[in-house]
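protein-v7.pdb, holding PDB, C-alpha atoms, pLDDT in the B column:
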```
ATOM      1  CA  THR Q   1      11.948 -28.086 -11.638  1.00 51.00           C
ATOM      2  CA  GLU Q   2       9.507 -26.975  -8.941  1.00 62.00           C
ATOM      3  CA  GLY Q   3       7.559 -29.667  -7.083  1.00 58.00           C
ATOM      4  CA  GLY Q   4       7.947 -32.100  -9.970  1.00 65.00           C
ATOM      5  CA  LEU Q   5       6.804 -29.630 -12.636  1.00 80.00           C
ATOM      6  CA  ASP Q   6       8.682 -30.236 -15.869  1.00 84.00           C
ATOM      7  CA  GLY Q   7      10.149 -27.438 -17.918  1.00 87.00           C
ATOM      8  CA  GLU Q   8       7.387 -27.542 -20.503  1.00 90.00           C
ATOM      9  CA  LEU Q   9       4.647 -27.101 -17.907  1.00 92.00           C
ATOM     10  CA  GLN Q  10       6.534 -24.269 -16.223  1.00 93.00           C
ATOM     11  CA  GLY Q  11       6.849 -22.581 -19.599  1.00 93.00           C
ATOM     12  CA  GLN Q  12       3.127 -22.950 -20.202  1.00 95.00           C
ATOM     13  CA  LEU Q  13       2.308 -21.502 -16.755  1.00 97.00           C
ATOM     14  CA  LEU Q  14       4.593 -18.521 -17.348  1.00 96.00           C
ATOM     15  CA  GLN Q  15       2.938 -17.937 -20.699  1.00 97.00           C
ATOM     16  CA  LEU Q  16      -0.497 -18.119 -19.073  1.00 97.00           C
ATOM     17  CA  LEU Q  17       0.564 -15.663 -16.356  1.00 98.00           C
ATOM     18  CA  GLY Q  18       1.773 -13.284 -19.055  1.00 98.00           C
ATOM     19  CA  VAL Q  19      -1.569 -13.478 -20.856  1.00 98.00           C
ATOM     20  CA  LEU Q  20      -3.511 -12.963 -17.622  1.00 98.00           C
ATOM     21  CA  LYS Q  21      -1.311 -10.020 -16.674  1.00 98.00           C
ATOM     22  CA  GLY Q  22      -2.286  -8.353 -19.948  1.00 97.00           C
ATOM     23  CA  LYS Q  23      -5.950  -9.142 -19.315  1.00 97.00           C
ATOM     24  CA  VAL Q  24      -6.010  -7.550 -15.816  1.00 98.00           C
ATOM     25  CA  THR Q  25      -4.114  -4.413 -16.854  1.00 98.00           C
ATOM     26  CA  PHE Q  26      -6.379  -1.359 -17.081  1.00 98.00           C
ATOM     27  CA  LYS Q  27      -6.973  -0.240 -20.659  1.00 95.00           C
ATOM     28  CA  GLN Q  28      -6.091   3.267 -21.751  1.00 92.00           C
ATOM     29  CA  ASP Q  29      -9.750   4.289 -22.105  1.00 94.00           C
ATOM     30  CA  PHE Q  30     -10.795   3.052 -18.633  1.00 96.00           C
ATOM     31  CA  ASP Q  31     -12.753   5.883 -16.975  1.00 95.00           C
ATOM     32  CA  PHE Q  32     -11.500   6.045 -13.384  1.00 94.00           C
ATOM     33  CA  GLU Q  33     -13.359   9.273 -12.573  1.00 91.00           C
ATOM     34  CA  SER Q  34     -16.847   8.271 -13.745  1.00 93.00           C
ATOM     35  CA  PRO Q  35     -16.937   4.480 -14.138  1.00 93.00           C
ATOM     36  CA  GLY Q  36     -19.910   3.179 -16.052  1.00 96.00           C
ATOM     37  CA  GLU Q  37     -21.227  -0.218 -17.060  1.00 96.00           C
ATOM     38  CA  ASP Q  38     -18.169  -1.097 -19.158  1.00 96.00           C
ATOM     39  CA  GLU Q  39     -15.836  -0.274 -16.280  1.00 97.00           C
ATOM     40  CA  GLU Q  40     -17.900  -2.306 -13.812  1.00 97.00           C
ATOM     41  CA  PHE Q  41     -17.857  -5.262 -16.198  1.00 97.00           C
ATOM     42  CA  PHE Q  42     -14.074  -5.042 -16.509  1.00 97.00           C
ATOM     43  CA  LEU Q  43     -13.581  -4.818 -12.731  1.00 97.00           C
ATOM     44  CA  GLU Q  44     -15.682  -7.960 -12.244  1.00 98.00           C
ATOM     45  CA  TYR Q  45     -13.750  -9.738 -14.980  1.00 97.00           C
ATOM     46  CA  ARG Q  46     -10.500  -8.579 -13.357  1.00 98.00           C
ATOM     47  CA  ARG Q  47     -11.515 -10.022  -9.982  1.00 98.00           C
ATOM     48  CA  GLU Q  48     -12.234 -13.384 -11.606  1.00 98.00           C
ATOM     49  CA  ALA Q  49      -8.966 -13.345 -13.538  1.00 98.00           C
ATOM     50  CA  PHE Q  50      -6.987 -12.651 -10.376  1.00 98.00           C
ATOM     51  CA  ILE Q  51      -8.520 -15.782  -8.820  1.00 98.00           C
ATOM     52  CA  THR Q  52      -6.885 -17.788 -11.601  1.00 98.00           C
ATOM     53  CA  VAL Q  53      -3.618 -15.902 -11.123  1.00 98.00           C
ATOM     54  CA  LYS Q  54      -3.605 -16.696  -7.411  1.00 98.00           C
ATOM     55  CA  ASN Q  55      -4.367 -20.345  -8.075  1.00 98.00           C
ATOM     56  CA  ILE Q  56      -1.250 -20.515 -10.247  1.00 97.00           C
ATOM     57  CA  PHE Q  57       0.745 -18.800  -7.481  1.00 97.00           C
ATOM     58  CA  ARG Q  58      -0.440 -21.474  -5.043  1.00 96.00           C
ATOM     59  CA  PHE Q  59       0.262 -24.304  -7.471  1.00 95.00           C
ATOM     60  CA  ALA Q  60       3.764 -23.084  -8.361  1.00 95.00           C
ATOM     61  CA  PRO Q  61       4.857 -20.580  -5.682  1.00 94.00           C
ATOM     62  CA  ASP Q  62       8.491 -20.226  -6.763  1.00 94.00           C
ATOM     63  CA  LEU Q  63       7.505 -19.677 -10.367  1.00 96.00           C
ATOM     64  CA  GLY Q  64       4.839 -17.180  -9.280  1.00 97.00           C
ATOM     65  CA  GLN Q  65       7.286 -15.205  -7.169  1.00 97.00           C
ATOM     66  CA  ALA Q  66       9.835 -15.134  -9.978  1.00 97.00           C
ATOM     67  CA  PHE Q  67       7.169 -13.850 -12.391  1.00 98.00           C
ATOM     68  CA  VAL Q  68       5.991 -11.098 -10.036  1.00 98.00           C
ATOM     69  CA  LEU Q  69       9.536 -10.090  -9.102  1.00 98.00           C
ATOM     70  CA  GLN Q  70      10.436  -9.645 -12.746  1.00 97.00           C
ATOM     71  CA  SER Q  71       7.250  -7.658 -13.390  1.00 98.00           C
ATOM     72  CA  VAL Q  72       7.650  -5.277 -10.466  1.00 98.00           C
ATOM     73  CA  SER Q  73      11.418  -4.828 -10.927  1.00 97.00           C
ATOM     74  CA  GLN Q  74      11.022  -3.883 -14.586  1.00 96.00           C
ATOM     75  CA  VAL Q  75       8.273  -1.357 -13.884  1.00 97.00           C
ATOM     76  CA  MET Q  76       9.760   0.225 -10.755  1.00 96.00           C
ATOM     77  CA  SER Q  77      13.078   0.761 -12.537  1.00 94.00           C
ATOM     78  CA  ARG Q  78      11.327   2.981 -15.078  1.00 94.00           C
ATOM     79  CA  LEU Q  79       8.532   4.388 -12.952  1.00 94.00           C
ATOM     80  CA  ASP Q  80       8.661   7.828 -14.588  1.00 90.00           C
ATOM     81  CA  CYS Q  81       8.053   6.504 -18.086  1.00 94.00           C
ATOM     82  CA  ALA Q  82       5.855   3.470 -17.415  1.00 96.00           C
ATOM     83  CA  SER Q  83       2.129   3.905 -17.950  1.00 96.00           C
ATOM     84  CA  PRO Q  84      -0.056   4.189 -14.823  1.00 97.00           C
ATOM     85  CA  ALA Q  85      -1.782   0.954 -15.851  1.00 97.00           C
ATOM     86  CA  GLU Q  86       1.538  -0.922 -15.961  1.00 98.00           C
ATOM     87  CA  VAL Q  87       2.572   0.413 -12.561  1.00 98.00           C
ATOM     88  CA  GLU Q  88      -0.785  -0.366 -10.953  1.00 98.00           C
ATOM     89  CA  CYS Q  89      -0.795  -3.896 -12.346  1.00 98.00           C
ATOM     90  CA  ALA Q  90       2.736  -4.676 -11.132  1.00 98.00           C
ATOM     91  CA  ILE Q  91       1.974  -3.457  -7.612  1.00 98.00           C
ATOM     92  CA  THR Q  92      -1.362  -5.292  -7.535  1.00 98.00           C
ATOM     93  CA  LEU Q  93       0.377  -8.519  -8.540  1.00 98.00           C
ATOM     94  CA  VAL Q  94       2.532  -8.180  -5.412  1.00 98.00           C
ATOM     95  CA  TYR Q  95      -0.594  -7.526  -3.332  1.00 98.00           C
ATOM     96  CA  GLU Q  96      -2.384 -10.587  -4.734  1.00 98.00           C
ATOM     97  CA  LEU Q  97       0.732 -12.745  -4.314  1.00 98.00           C
ATOM     98  CA  GLY Q  98       0.723 -11.876  -0.619  1.00 97.00           C
ATOM     99  CA  GLU Q  99      -2.679 -13.523  -0.221  1.00 97.00           C
ATOM    100  CA  THR Q 100      -1.209 -16.863  -1.282  1.00 97.00           C
ATOM    101  CA  LEU Q 101       1.851 -16.877   1.000  1.00 96.00           C
ATOM    102  CA  ASN Q 102       2.855 -17.052   4.632  1.00 95.00           C
ATOM    103  CA  ILE Q 103       4.296 -13.556   4.421  1.00 95.00           C
ATOM    104  CA  GLU Q 104       6.481 -13.540   7.540  1.00 93.00           C
ATOM    105  CA  SER Q 105       7.937 -16.956   6.687  1.00 94.00           C
ATOM    106  CA  GLU Q 106       8.733 -15.903   3.126  1.00 95.00           C
ATOM    107  CA  LEU Q 107      10.336 -12.635   4.237  1.00 94.00           C
ATOM    108  CA  ASN Q 108      12.652 -14.454   6.639  1.00 93.00           C
ATOM    109  CA  LYS Q 109      14.039 -16.770   3.970  1.00 93.00           C
ATOM    110  CA  PRO Q 110      17.608 -16.073   2.779  1.00 92.00           C
ATOM    111  CA  ASP Q 111      17.556 -14.078  -0.474  1.00 92.00           C
ATOM    112  CA  SER Q 112      13.785 -13.641  -0.166  1.00 96.00           C
ATOM    113  CA  SER Q 113      12.199 -12.708  -3.483  1.00 96.00           C
ATOM    114  CA  LEU Q 114       9.277 -11.206  -1.601  1.00 97.00           C
ATOM    115  CA  MET Q 115      11.560  -8.924   0.420  1.00 97.00           C
ATOM    116  CA  THR Q 116      13.237  -7.825  -2.826  1.00 97.00           C
ATOM    117  CA  MET Q 117       9.842  -6.933  -4.305  1.00 97.00           C
ATOM    118  CA  ILE Q 118       8.751  -4.813  -1.344  1.00 97.00           C
ATOM    119  CA  THR Q 119      12.159  -3.142  -1.070  1.00 96.00           C
ATOM    120  CA  CYS Q 120      11.889  -2.310  -4.772  1.00 96.00           C
ATOM    121  CA  ILE Q 121       8.481  -0.713  -4.219  1.00 97.00           C
ATOM    122  CA  LEU Q 122       9.689   1.230  -1.183  1.00 97.00           C
ATOM    123  CA  SER Q 123      12.677   2.567  -3.123  1.00 96.00           C
ATOM    124  CA  ALA Q 124      10.534   3.702  -6.054  1.00 96.00           C
ATOM    125  CA  ASN Q 125       7.887   5.351  -3.791  1.00 95.00           C
ATOM    126  CA  PRO Q 126       4.797   4.813  -5.962  1.00 96.00           C
ATOM    127  CA  LEU Q 127       2.765   6.557  -3.237  1.00 97.00           C
ATOM    128  CA  GLY Q 128       4.096   9.711  -4.857  1.00 96.00           C
ATOM    129  CA  HIS Q 129       2.801   8.699  -8.302  1.00 97.00           C
ATOM    130  CA  PRO Q 130       0.267  11.189  -9.713  1.00 96.00           C
ATOM    131  CA  HIS Q 131      -2.374   8.594 -10.683  1.00 97.00           C
ATOM    132  CA  PRO Q 132      -4.982   7.683  -8.016  1.00 97.00           C
ATOM    133  CA  ALA Q 133      -5.129   4.013  -9.087  1.00 97.00           C
ATOM    134  CA  VAL Q 134      -1.387   3.658  -8.517  1.00 98.00           C
ATOM    135  CA  GLN Q 135      -1.628   5.460  -5.189  1.00 98.00           C
ATOM    136  CA  LYS Q 136      -4.407   3.148  -3.993  1.00 98.00           C
ATOM    137  CA  ALA Q 137      -2.590  -0.005  -5.117  1.00 98.00           C
ATOM    138  CA  ALA Q 138       0.582   1.144  -3.358  1.00 98.00           C
ATOM    139  CA  MET Q 139      -1.271   1.968  -0.126  1.00 98.00           C
ATOM    140  CA  GLU Q 140      -3.050  -1.397  -0.042  1.00 98.00           C
ATOM    141  CA  THR Q 141       0.171  -3.276  -0.742  1.00 98.00           C
ATOM    142  CA  LEU Q 142       2.255  -1.448   1.868  1.00 98.00           C
ATOM    143  CA  ASN Q 143      -0.476  -2.094   4.420  1.00 98.00           C
ATOM    144  CA  ARG Q 144      -0.539  -5.816   3.570  1.00 98.00           C
ATOM    145  CA  PHE Q 145       3.255  -5.961   3.898  1.00 97.00           C
ATOM    146  CA  SER Q 146       3.598  -3.607   6.880  1.00 97.00           C
ATOM    147  CA  CYS Q 147       5.754  -6.267   8.558  1.00 95.00           C
ATOM    148  CA  VAL Q 148       8.502  -5.247   6.108  1.00 96.00           C
ATOM    149  CA  LEU Q 149       8.468  -1.764   7.667  1.00 96.00           C
ATOM    150  CA  ARG Q 150       9.082  -3.375  11.052  1.00 94.00           C
ATOM    151  CA  MET Q 151      12.032  -5.238   9.589  1.00 94.00           C
ATOM    152  CA  ARG Q 152      13.272  -2.140   7.736  1.00 95.00           C
ATOM    153  CA  ASN Q 153      12.589   0.354  10.524  1.00 95.00           C
ATOM    154  CA  ALA Q 154      14.350   3.243   8.804  1.00 96.00           C
ATOM    155  CA  THR Q 155      11.714   3.211   6.047  1.00 96.00           C
ATOM    156  CA  ILE Q 156       8.845   4.011   8.437  1.00 97.00           C
ATOM    157  CA  PRO Q 157       9.053   7.851   8.430  1.00 97.00           C
ATOM    158  CA  GLY Q 158       9.139   8.066   4.637  1.00 96.00           C
ATOM    159  CA  VAL Q 159       6.135   5.797   4.232  1.00 97.00           C
ATOM    160  CA  VAL Q 160       4.055   7.558   6.903  1.00 97.00           C
ATOM    161  CA  ARG Q 161       4.864  10.974   5.424  1.00 96.00           C
ATOM    162  CA  ALA Q 162       3.926   9.735   1.952  1.00 97.00           C
ATOM    163  CA  PHE Q 163       0.493   8.757   3.331  1.00 97.00           C
ATOM    164  CA  LEU Q 164       0.180  12.175   4.977  1.00 96.00           C
ATOM    165  CA  GLN Q 165       1.134  13.870   1.701  1.00 95.00           C
ATOM    166  CA  LEU Q 166      -1.721  12.091  -0.057  1.00 95.00           C
ATOM    167  CA  ILE Q 167      -4.156  13.111   2.673  1.00 95.00           C
ATOM    168  CA  ALA Q 168      -3.051  16.736   2.441  1.00 92.00           C
ATOM    169  CA  ASP Q 169      -2.666  17.097  -1.331  1.00 92.00           C
ATOM    170  CA  SER Q 170      -4.815  14.595  -3.219  1.00 93.00           C
ATOM    171  CA  ALA Q 171      -7.709  16.072  -5.141  1.00 92.00           C
ATOM    172  CA  ASP Q 172      -9.410  12.659  -5.032  1.00 94.00           C
ATOM    173  CA  ALA Q 173     -11.610  12.295  -1.944  1.00 92.00           C
ATOM    174  CA  SER Q 174     -11.511   8.491  -2.168  1.00 95.00           C
ATOM    175  CA  VAL Q 175      -7.700   8.565  -2.066  1.00 96.00           C
ATOM    176  CA  ARG Q 176      -7.695  10.856   0.969  1.00 95.00           C
ATOM    177  CA  SER Q 177     -10.240   8.665   2.761  1.00 95.00           C
ATOM    178  CA  ARG Q 178      -8.412   5.431   1.997  1.00 97.00           C
ATOM    179  CA  ALA Q 179      -5.101   6.961   3.015  1.00 97.00           C
ATOM    180  CA  CYS Q 180      -6.509   7.899   6.447  1.00 96.00           C
ATOM    181  CA  TYR Q 181      -7.936   4.421   6.997  1.00 97.00           C
ATOM    182  CA  LEU Q 182      -4.829   2.545   5.877  1.00 98.00           C
ATOM    183  CA  LEU Q 183      -2.431   4.877   7.673  1.00 98.00           C
ATOM    184  CA  LEU Q 184      -4.200   4.021  10.919  1.00 97.00           C
ATOM    185  CA  LYS Q 185      -3.866   0.301  10.150  1.00 98.00           C
ATOM    186  CA  VAL Q 186      -0.167   0.662   9.350  1.00 97.00           C
ATOM    187  CA  ILE Q 187       0.554   2.589  12.555  1.00 97.00           C
ATOM    188  CA  LYS Q 188      -1.370  -0.002  14.589  1.00 96.00           C
ATOM    189  CA  ALA Q 189       0.809  -2.704  13.059  1.00 95.00           C
ATOM    190  CA  LEU Q 190       3.972  -0.743  13.837  1.00 95.00           C
ATOM    191  CA  ARG Q 191       3.198   0.640  17.266  1.00 88.00           C
ATOM    192  CA  GLY Q 192       5.663  -1.657  19.007  1.00 88.00           C
ATOM    193  CA  CYS Q 193       8.607  -0.421  16.951  1.00 93.00           C
ATOM    194  CA  ILE Q 194       7.822   3.181  16.054  1.00 94.00           C
ATOM    195  CA  SER Q 195       8.947   5.112  19.145  1.00 92.00           C
ATOM    196  CA  ALA Q 196      12.257   6.133  17.544  1.00 93.00           C
ATOM    197  CA  HIS Q 197      10.264   8.137  14.981  1.00 95.00           C
ATOM    198  CA  THR Q 198       7.563   9.540  17.269  1.00 94.00           C
ATOM    199  CA  GLU Q 199       9.082  13.019  17.572  1.00 93.00           C
ATOM    200  CA  SER Q 200       9.111  13.775  13.846  1.00 95.00           C
ATOM    201  CA  LEU Q 201       5.944  11.893  12.943  1.00 96.00           C
ATOM    202  CA  VAL Q 202       3.799  13.498  15.648  1.00 95.00           C
ATOM    203  CA  GLU Q 203       4.955  16.880  14.382  1.00 94.00           C
ATOM    204  CA  SER Q 204       3.941  15.899  10.824  1.00 94.00           C
ATOM    205  CA  MET Q 205       0.549  14.726  12.101  1.00 93.00           C
ATOM    206  CA  ARG Q 206       0.143  17.932  14.114  1.00 91.00           C
ATOM    207  CA  VAL Q 207       0.752  20.079  11.037  1.00 90.00           C
ATOM    208  CA  LEU Q 208      -1.759  18.044   9.045  1.00 91.00           C
ATOM    209  CA  LEU Q 209      -4.437  18.153  11.749  1.00 89.00           C
ATOM    210  CA  LEU Q 210      -4.076  21.888  12.299  1.00 85.00           C
ATOM    211  CA  THR Q 211      -3.862  22.972   8.655  1.00 81.00           C
ATOM    212  CA  ASP Q 212      -5.497  20.418   6.329  1.00 64.00           C
ATOM    213  CA  ALA Q 213      -8.228  18.943   8.503  1.00 65.00           C
ATOM    214  CA  PRO Q 214     -11.034  20.892   6.724  1.00 66.00           C
ATOM    215  CA  ARG Q 215     -10.393  18.817   3.563  1.00 76.00           C
ATOM    216  CA  VAL Q 216     -10.859  15.516   5.402  1.00 85.00           C
ATOM    217  CA  GLU Q 217     -14.174  13.826   6.185  1.00 86.00           C
ATOM    218  CA  GLN Q 218     -15.175  13.651   9.854  1.00 84.00           C
ATOM    219  CA  ASP Q 219     -14.759   9.869  10.115  1.00 86.00           C
ATOM    220  CA  ASN Q 220     -11.296  10.159   8.619  1.00 92.00           C
ATOM    221  CA  ILE Q 221     -10.364  12.960  11.013  1.00 91.00           C
ATOM    222  CA  LEU Q 222     -11.132  10.587  13.872  1.00 92.00           C
ATOM    223  CA  GLN Q 223      -8.846   8.004  12.282  1.00 95.00           C
ATOM    224  CA  LEU Q 224      -6.051  10.570  12.106  1.00 94.00           C
ATOM    225  CA  TYR Q 225      -6.506  11.484  15.760  1.00 93.00           C
ATOM    226  CA  GLU Q 226      -6.439   7.810  16.690  1.00 95.00           C
ATOM    227  CA  ALA Q 227      -3.269   7.306  14.659  1.00 96.00           C
ATOM    228  CA  THR Q 228      -1.683  10.307  16.371  1.00 94.00           C
ATOM    229  CA  GLY Q 229      -2.680   8.929  19.753  1.00 94.00           C
ATOM    230  CA  LEU Q 230      -1.019   5.610  18.915  1.00 95.00           C
ATOM    231  CA  LEU Q 231       2.178   7.431  17.987  1.00 95.00           C
ATOM    232  CA  ILE Q 232       2.164   9.397  21.221  1.00 94.00           C
ATOM    233  CA  ALA Q 233       1.401   6.317  23.324  1.00 92.00           C
ATOM    234  CA  ALA Q 234       3.964   4.143  21.552  1.00 90.00           C
ATOM    235  CA  GLU Q 235       6.091   1.872  23.684  1.00 87.00           C
ATOM    236  CA  GLY Q 236       9.322   3.641  24.607  1.00 89.00           C
ATOM    237  CA  VAL Q 237       7.976   7.213  24.582  1.00 91.00           C
ATOM    238  CA  THR Q 238       8.571   8.842  27.981  1.00 91.00           C
ATOM    239  CA  PRO Q 239       5.641  10.256  30.017  1.00 92.00           C
ATOM    240  CA  GLN Q 240       7.132  13.754  29.677  1.00 94.00           C
ATOM    241  CA  ASP Q 241       7.284  13.464  25.887  1.00 93.00           C
ATOM    242  CA  LYS Q 242       3.752  12.064  25.761  1.00 92.00           C
ATOM    243  CA  THR Q 243       2.479  15.105  27.687  1.00 93.00           C
ATOM    244  CA  ARG Q 244       4.432  17.492  25.454  1.00 94.00           C
ATOM    245  CA  HIS Q 245       3.197  15.924  22.224  1.00 92.00           C
ATOM    246  CA  LEU Q 246      -0.396  15.861  23.418  1.00 91.00           C
ATOM    247  CA  SER Q 247      -0.276  19.497  24.518  1.00 91.00           C
ATOM    248  CA  GLY Q 248       1.155  20.498  21.147  1.00 90.00           C
ATOM    249  CA  ILE Q 249      -1.961  19.173  19.445  1.00 88.00           C
ATOM    250  CA  VAL Q 250      -4.724  19.844  21.970  1.00 84.00           C
ATOM    251  CA  ILE Q 251      -3.834  23.398  23.048  1.00 85.00           C
ATOM    252  CA  PRO Q 252      -3.905  24.954  19.506  1.00 82.00           C
ATOM    253  CA  ILE Q 253      -7.240  23.239  18.812  1.00 74.00           C
ATOM    254  CA  VAL Q 254      -8.751  24.571  22.044  1.00 72.00           C
ATOM    255  CA  GLU Q 255      -7.381  28.067  21.390  1.00 72.00           C
ATOM    256  CA  ALA Q 256      -8.768  28.061  17.850  1.00 69.00           C
ATOM    257  CA  SER Q 257     -12.246  27.266  19.173  1.00 66.00           C
ATOM    258  CA  TYR Q 258     -12.479  30.530  21.105  1.00 66.00           C
TER     259      TYR Q 258
END
```

Could you rewrite the structure in this file as structure tokens?
Amino acid sequence: TEGGLDGELQGQLLQLLGVLKGKVTFKQDFDFESPGEDEEFFLEYRREAFITVKNIFRFAPDLGQAFVLQSVSQVMSRLDCASPAEVECAITLVYELGETLNIESELNKPDSSLMTMITCILSANPLGHPHPAVQKAAMETLNRFSCVLRMRNATIPGVVRAFLQLIADSADASVRSRACYLLLKVIKALRGCISAHTESLVESMRVLLLTDAPRVEQDNILQLYEATGLLIAAEGVTPQDKTRHLSGIVIPIVEASY
């Protein structure tokens, strides 16, 4: 048993977590596009319910991690056929779990359940899911656990490009805006270990800035330029490459202004 919890109490906590998981899952008729009073009431209720969920995670951390791992593994393994509400809830459970843990310490444990969860999410790529609620939950969670990208350096280009894809293609302005903001935060967190990917990522940013910028709000454009600057200035990038990357972005913009 965990921390002196007997089997019966653990069973009761798991049952309670299952009930709460159902309560915080978006209902089929939830109006994401034009939320009204009912939607606002549910969101407030959901915030309160997640406080209880997190209290259980703190009280029984191993049990909480096992519950979330099972939830996210089941959903990510059938991402194409799971409902958007199921996917969003599973990812959000991981996000909320992170608030209750020392993330770096947990990730460095042998056979870390937390690392398995994030690896599962990275493999499934829910950033590419068509539903905005899933996209937002995935972005927030990958930002919270950006340290995993440092530890799994090869995953960085795919994640950054998935953010850029949302910025370029999403019809939802709130998704595009959030993607710009969180992409900047992720790159800031990774700037000490991203130089190996600078060449390809700066090119992806350059294409976005020169072709899709009109769809992005001015404040978000500034965030994209800042993120690009961080990539170019990353530790390990040579002065010659920094000059070349900068010229590749600045010169076309100056020429287009004439």

How big is the axis-aligned box around the listed atoms of segment 5-10 of chain Q once 6 Å is added on each side, and where is its centre? Give both in Å to one decimal, as JSON.
```
{"center_x": 7.4, "center_y": -27.3, "center_z": -16.6, "size_x": 17.5, "size_y": 18.0, "size_z": 19.9}
```

Report as JSON, numbers by chain the full result of the PyMOL selection byres ((chain Q and resi 43-55) around 8) when it is applied to this structure. {"Q": [17, 20, 23, 24, 39, 40, 41, 42, 56, 57, 58, 59, 96, 97, 99, 100]}

The PyMOL selection byres ((chain Q and resi 195) around 7) resolved against shown file, as JSON, numbers by chain: {"Q": [193, 194, 196, 197, 198, 234, 235, 236, 237]}

Once the PyMOL selection byres ((chain Q and resi 64-79) around 10) is applied to the coordinates I shared, what remains selected? I want it as a PyMOL selection string. chain Q and resi 13-14+17-18+21+53-63+80-84+86-94+96-98+101+112-118+120-126+129

Atomic separation - atom CA of Gly128 of chain Q relative to atom CA of Ala162 of chain Q, Å: 6.8 Å

Nearby residues, (9.6, -14.1, 8.4) file frame, 12 Å, all atoms listed in the file, as a ChimeraX atom specification: /Q:101-112,114-115,145,147-148,150-151

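If you look at atom CA of Val216 of chain Q and atom CA of Leu182 of chain Q, they are 14.3 Å away from each other.
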
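The gap separating atom CA of Leu149 of chain Q from atom CA of Gln223 of chain Q is 20.4 Å, in Å to one decimal.
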
Could you write segment 201-206 of chain Q of the block just shown to a file containing all heavy atoms, as a short mmCIF file (atom, residue, chain, number, x, y, z; two decimals), in the first residue's frame?
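That gives us part.cif:
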```
data_model
loop_
_atom_site.label_atom_id
_atom_site.label_comp_id
_atom_site.auth_asym_id
_atom_site.auth_seq_id
_atom_site.Cartn_x
_atom_site.Cartn_y
_atom_site.Cartn_z
N LEU Q 201 14.71 24.51 -38.30
CA LEU Q 201 13.62 25.23 -37.64
C LEU Q 201 13.57 26.69 -38.05
O LEU Q 201 12.48 27.26 -38.21
CB LEU Q 201 13.75 25.11 -36.11
CG LEU Q 201 13.55 23.69 -35.55
CD1 LEU Q 201 13.66 23.70 -34.04
CD2 LEU Q 201 12.20 23.13 -35.99
N VAL Q 202 14.74 27.32 -38.24
CA VAL Q 202 14.73 28.70 -38.72
C VAL Q 202 14.12 28.77 -40.12
O VAL Q 202 13.36 29.70 -40.43
CB VAL Q 202 16.16 29.30 -38.71
CG1 VAL Q 202 16.19 30.62 -39.47
CG2 VAL Q 202 16.63 29.51 -37.28
N GLU Q 203 14.40 27.78 -40.94
CA GLU Q 203 13.80 27.76 -42.27
C GLU Q 203 12.28 27.63 -42.17
O GLU Q 203 11.53 28.31 -42.90
CB GLU Q 203 14.37 26.60 -43.09
CG GLU Q 203 13.74 26.41 -44.46
CD GLU Q 203 13.85 27.63 -45.38
OE1 GLU Q 203 14.73 28.50 -45.14
OE2 GLU Q 203 13.04 27.74 -46.32
N SER Q 204 11.79 26.77 -41.27
CA SER Q 204 10.34 26.64 -41.07
C SER Q 204 9.73 27.94 -40.57
O SER Q 204 8.65 28.34 -41.02
CB SER Q 204 10.05 25.51 -40.08
OG SER Q 204 10.49 24.27 -40.56
N MET Q 205 10.41 28.62 -39.66
CA MET Q 205 9.93 29.91 -39.16
C MET Q 205 9.94 30.95 -40.28
O MET Q 205 9.02 31.76 -40.40
CB MET Q 205 10.81 30.39 -38.00
CG MET Q 205 10.78 29.50 -36.77
SD MET Q 205 9.21 29.56 -35.87
CE MET Q 205 9.30 31.15 -35.09
N ARG Q 206 10.98 30.91 -41.09
CA ARG Q 206 11.10 31.89 -42.19
C ARG Q 206 9.92 31.74 -43.16
O ARG Q 206 9.30 32.73 -43.57
CB ARG Q 206 12.41 31.67 -42.94
CG ARG Q 206 12.73 32.74 -43.99
CD ARG Q 206 13.97 32.39 -44.79
NE ARG Q 206 13.70 31.29 -45.70
CZ ARG Q 206 13.13 31.46 -46.90
NH1 ARG Q 206 12.77 32.66 -47.31
NH2 ARG Q 206 12.91 30.43 -47.67
#
```
